[in-house]
Amino acid sequence: MKKPLVIFGTSDIALMAHAYFSADSDHEVVAFTVDGAYLAETELCGLPVVPFETVSSVYPPEDHAMFVAVGYAKLNALRRQKYEAAKAIGYELTSYISPRASVLNGGQIGENCFIFEDNTIQPYSRIGNNVVMWSGNHIGHHSIIGSHTFIASHVVVSGGVEIGESCFIGVNATLRDRIKIGDRCVIGAGALILSDAAPEGIYMERETERSKVPSTKLRRI
C-alpha cells in the first residue's frame with residue numbers, strides 16, 4: 001500500500017485529482033492543503049483542508065506523499081513554485097497515470113505528473129516532472145516534454161519533438177516532427193507549428209468569425 005496522499009489545492013483541478021486518485025490508484029487521499037492566506041474552507045470532499053505552512057506537522061512527509069494539483073496559472077509558474085516548496089520540506093511527489101492511457105515509453109514519466117485517460121505516449125519518449133496532460137493527446141516516439149508543461153486535450157506531438165519547460169500547449173494544437181519548442185512558449189488552440197519556436201513565443205490561431213448570414217436564413221442544415 002502506498003503512502004496516504006495530501007493534495008495541494010482546492011480548485012477544480014484539485015477536485016479532479018481527488019476523483020482520479022480515489023478511483024484509480026493505491027493512494028488514499030487523506031487531506032487537502034493550501035497556503036494559509038487562501039484557506040477559505042476547512043473541509044473539502046469530506047476531508048480536512050489544512051494550511052500549507054503547518055501541513056508537515058499534521059501529515060508528516062516521512063509518512064505521507066503529496067500531489068500538487070495546480071493548473072497553468074502564470075504560465076505554470078505557480079504549480080512549479082508549489083511543487084518545489086513541497087519537495088523542499090521533504091514530501092514525495094507522486095504522479096497519477098491513468099490505467100486507460102497507453103504508456104509505451106517504459107514509464108519514463110517524472111514525478112507530480114497528471115496523465116489523464118486516452119493519452120498515447122509512444123516508445124522512446126520522455127515526460128519531465130510536474131507535467132499535466134489532459135485527455136486524448138498523442139506524444140510521438142523520441143519526443144521530450146519538458147518539466148512544468150501543461151498540455152491540453154487532443155494535441156498531436158509528432159516524433160522527435162522537444163518541448164521546453166513551462167510551456168502551454170492548447171487544445172487541438174499540432175506540432176510537426178523533429179522541431180524544438182523553447183521554454184515558456186504558449187501554443188494556442190488549433191495552432192499548427194511546422195518549425196522551431198524560440199523561447200517565450202506565442203502562437204495563436206484566429207477565432208472563427210461569425211457569418212453575416214443568421215442561422216434562421218439557412219436553407220438546410
# chains A, B, ... in the order shown; residues from 1 in each chain; ligands from 1

$ residues_around --residues "A:Ala197" --least-positions-apart "4" --cutoff "8 Å" --atoms "only C-alpha atoms" --output "PyMOL selection string"
chain A and resi 179-182+185+201

$ select_by_dssp --residues "stretch 10-212 of chain A" --states "alpha helix (DSSP H)" --output "compact mmCIF listing (two decimals) with N, CA and C atoms, in the first residue's frame"
# COMPACT_ATOMS: atom_id res chain seq x y z
N ASP A 12 -10.79 23.38 -9.13
CA ASP A 12 -11.36 22.28 -9.93
C ASP A 12 -10.34 21.18 -10.20
N ILE A 13 -9.10 21.56 -10.49
CA ILE A 13 -8.10 20.52 -10.81
C ILE A 13 -7.77 19.69 -9.58
N ALA A 14 -7.87 20.29 -8.38
CA ALA A 14 -7.67 19.52 -7.15
C ALA A 14 -8.82 18.53 -6.95
N LEU A 15 -10.03 18.96 -7.27
CA LEU A 15 -11.17 18.04 -7.19
C LEU A 15 -11.02 16.90 -8.19
N MET A 16 -10.51 17.22 -9.39
CA MET A 16 -10.25 16.17 -10.38
C MET A 16 -9.20 15.19 -9.86
N ALA A 17 -8.15 15.72 -9.25
CA ALA A 17 -7.10 14.85 -8.71
C ALA A 17 -7.67 13.93 -7.64
N HIS A 18 -8.51 14.48 -6.77
CA HIS A 18 -9.13 13.65 -5.73
C HIS A 18 -9.95 12.53 -6.36
N ALA A 19 -10.73 12.86 -7.39
CA ALA A 19 -11.57 11.85 -8.04
C ALA A 19 -10.73 10.76 -8.69
N TYR A 20 -9.68 11.15 -9.41
CA TYR A 20 -8.87 10.17 -10.13
C TYR A 20 -8.04 9.32 -9.18
N PHE A 21 -7.38 9.94 -8.22
CA PHE A 21 -6.59 9.15 -7.27
C PHE A 21 -7.47 8.19 -6.48
N SER A 22 -8.67 8.65 -6.11
CA SER A 22 -9.57 7.81 -5.31
C SER A 22 -10.09 6.63 -6.12
N ALA A 23 -10.31 6.83 -7.42
CA ALA A 23 -10.89 5.77 -8.25
C ALA A 23 -9.85 4.81 -8.81
N ASP A 24 -8.63 5.32 -9.08
CA ASP A 24 -7.71 4.54 -9.93
C ASP A 24 -6.29 4.44 -9.38
N VAL A 55 1.28 21.93 7.32
CA VAL A 55 0.87 20.61 6.87
C VAL A 55 1.86 19.52 7.29
N SER A 56 3.14 19.84 7.33
CA SER A 56 4.13 18.81 7.64
C SER A 56 4.06 18.35 9.09
N SER A 57 3.50 19.18 9.97
CA SER A 57 3.36 18.75 11.37
C SER A 57 2.13 17.89 11.57
N VAL A 58 1.11 18.08 10.71
CA VAL A 58 -0.13 17.30 10.82
C VAL A 58 -0.03 16.02 10.00
N ALA A 77 4.02 28.79 -13.54
CA ALA A 77 4.97 29.18 -12.50
C ALA A 77 4.44 28.86 -11.11
N LEU A 78 3.15 29.03 -10.90
CA LEU A 78 2.59 28.75 -9.58
C LEU A 78 2.68 27.26 -9.25
N ARG A 79 2.36 26.40 -10.23
CA ARG A 79 2.47 24.96 -9.98
C ARG A 79 3.91 24.57 -9.70
N ARG A 80 4.84 25.16 -10.44
CA ARG A 80 6.26 24.87 -10.21
C ARG A 80 6.69 25.32 -8.81
N GLN A 81 6.24 26.50 -8.41
CA GLN A 81 6.62 27.02 -7.09
C GLN A 81 6.15 26.10 -5.97
N LYS A 82 4.91 25.63 -6.07
CA LYS A 82 4.37 24.78 -5.01
C LYS A 82 4.98 23.38 -5.06
N TYR A 83 5.27 22.90 -6.25
CA TYR A 83 5.98 21.62 -6.40
C TYR A 83 7.34 21.70 -5.70
N GLU A 84 8.08 22.76 -5.94
CA GLU A 84 9.40 22.90 -5.34
C GLU A 84 9.32 23.11 -3.83
N ALA A 85 8.27 23.82 -3.38
CA ALA A 85 8.11 24.03 -1.94
C ALA A 85 7.79 22.72 -1.22
N ALA A 86 6.96 21.88 -1.83
CA ALA A 86 6.63 20.59 -1.22
C ALA A 86 7.86 19.69 -1.15
N LYS A 87 8.66 19.69 -2.21
CA LYS A 87 9.90 18.90 -2.20
C LYS A 87 10.86 19.41 -1.13
N ALA A 88 10.91 20.72 -0.96
CA ALA A 88 11.85 21.31 -0.01
C ALA A 88 11.58 20.89 1.43

$ residues_around --residues "A:Ser158" --least-positions-apart "3" --cutoff "8 Å" --atoms "only C-alpha atoms" --output "list in words"
His138, Ile139, Gly140, His141, Ser143, Val161, Thr174, Leu175, Arg176, Asp177 and Arg178 of chain A

$ write_last_selection --atoms "C-alpha atoms" --output "short mmCIF file (atom, residue, chain, number, x, y, z; two decimals), in the first residue's frame"
data_model
loop_
_atom_site.label_atom_id
_atom_site.label_comp_id
_atom_site.auth_asym_id
_atom_site.auth_seq_id
_atom_site.Cartn_x
_atom_site.Cartn_y
_atom_site.Cartn_z
CA HIS A 138 -0.61 11.81 -28.86
CA ILE A 139 3.05 12.03 -27.81
CA GLY A 140 5.19 10.71 -30.64
CA HIS A 141 8.26 8.49 -30.41
CA SER A 143 9.78 13.23 -28.14
CA VAL A 161 9.78 16.88 -30.91
CA THR A 174 -0.37 20.08 -33.92
CA LEU A 175 3.44 20.01 -33.79
CA ARG A 176 5.29 18.53 -36.76
CA ASP A 177 8.16 16.11 -36.29
CA ARG A 178 11.75 16.99 -35.30
#

$ closest_residue --among "A:Ser195, A:Asn76, A:Ser11, A:Ser215" --to "A:Ser147" --atoms "only C-alpha atoms"
A:Asn76

$ residues_around --residues "A:Gly36" --least-positions-apart "3" --cutoff "12 Å" --atoms "only C-alpha atoms" --output "PyMOL selection string"
chain A and resi 8-9+32-33+39-42+49-55

$ atom_distance --atom1 "atom CA of A:Val34" --atom2 "atom CA of A:Thr10"
7.2 Å

$ atom_distance --atom1 "atom CA of A:Ser211" --atom2 "atom CA of A:Ser153"
27.2 Å

$ select_by_dssp --residues "chain A" --states "strand (DSSP E or B)" --output "PyMOL selection string"
chain A and resi 5-8+29-34+43-44+47-51+65-68+92-93+96-97+102-103+109+114-115+120-121+126-127+132-133+138-139+144-145+150-151+156-157+162-163+168-169+174-175+180-181+186-187+192-193+197+202-203

$ closest_residue --among "A:Pro60, A:Gly46, A:Gly188, A:Pro4" --to "A:Thr94" --atoms "only C-alpha atoms"
A:Pro4

$ atom_distance --atom1 "atom CA of A:Tyr38" --atom2 "atom CA of A:Asn112"
21.9 Å

$ closest_residue --among "A:Val103, A:Leu44, A:Gly90, A:Tyr72" --to "A:Ile169" --atoms "only C-alpha atoms"
A:Tyr72

$ residues_around --residues "A:Ile187" --least-positions-apart "6" --cutoff "7 Å" --atoms "only C-alpha atoms" --output "NGL selection string"
:A and (168-170 or 202-204)

$ residues_around --residues "A:Ser135" --least-positions-apart "6" --cutoff "7 Å" --atoms "only C-alpha atoms" --output "list in words"
Phe116, Glu117, Asp118, Asn119, Ser153 and His154 of chain A

$ write_last_selection --atoms "N, CA and C atoms" --output "CSV table (one decimal), in the first residue's frame"
chain,number,residue,atom,x,y,z
A,116,PHE,N,-4.0,12.0,-17.9
A,116,PHE,CA,-5.4,11.6,-18.0
A,116,PHE,C,-5.5,10.4,-19.0
A,117,GLU,N,-6.8,9.9,-19.1
A,117,GLU,CA,-7.1,8.8,-19.9
A,117,GLU,C,-7.0,9.2,-21.4
A,118,ASP,N,-6.8,8.1,-22.2
A,118,ASP,CA,-6.7,8.2,-23.6
A,118,ASP,C,-5.5,8.9,-24.2
A,119,ASN,N,-4.5,9.2,-23.4
A,119,ASN,CA,-3.2,9.7,-23.9
A,119,ASN,C,-2.4,8.5,-24.5
A,153,SER,N,-6.1,19.0,-24.3
A,153,SER,CA,-6.6,17.8,-24.9
A,153,SER,C,-6.4,17.8,-26.4
A,154,HIS,N,-6.3,16.6,-26.9
A,154,HIS,CA,-6.2,16.3,-28.4
A,154,HIS,C,-5.1,17.0,-29.1
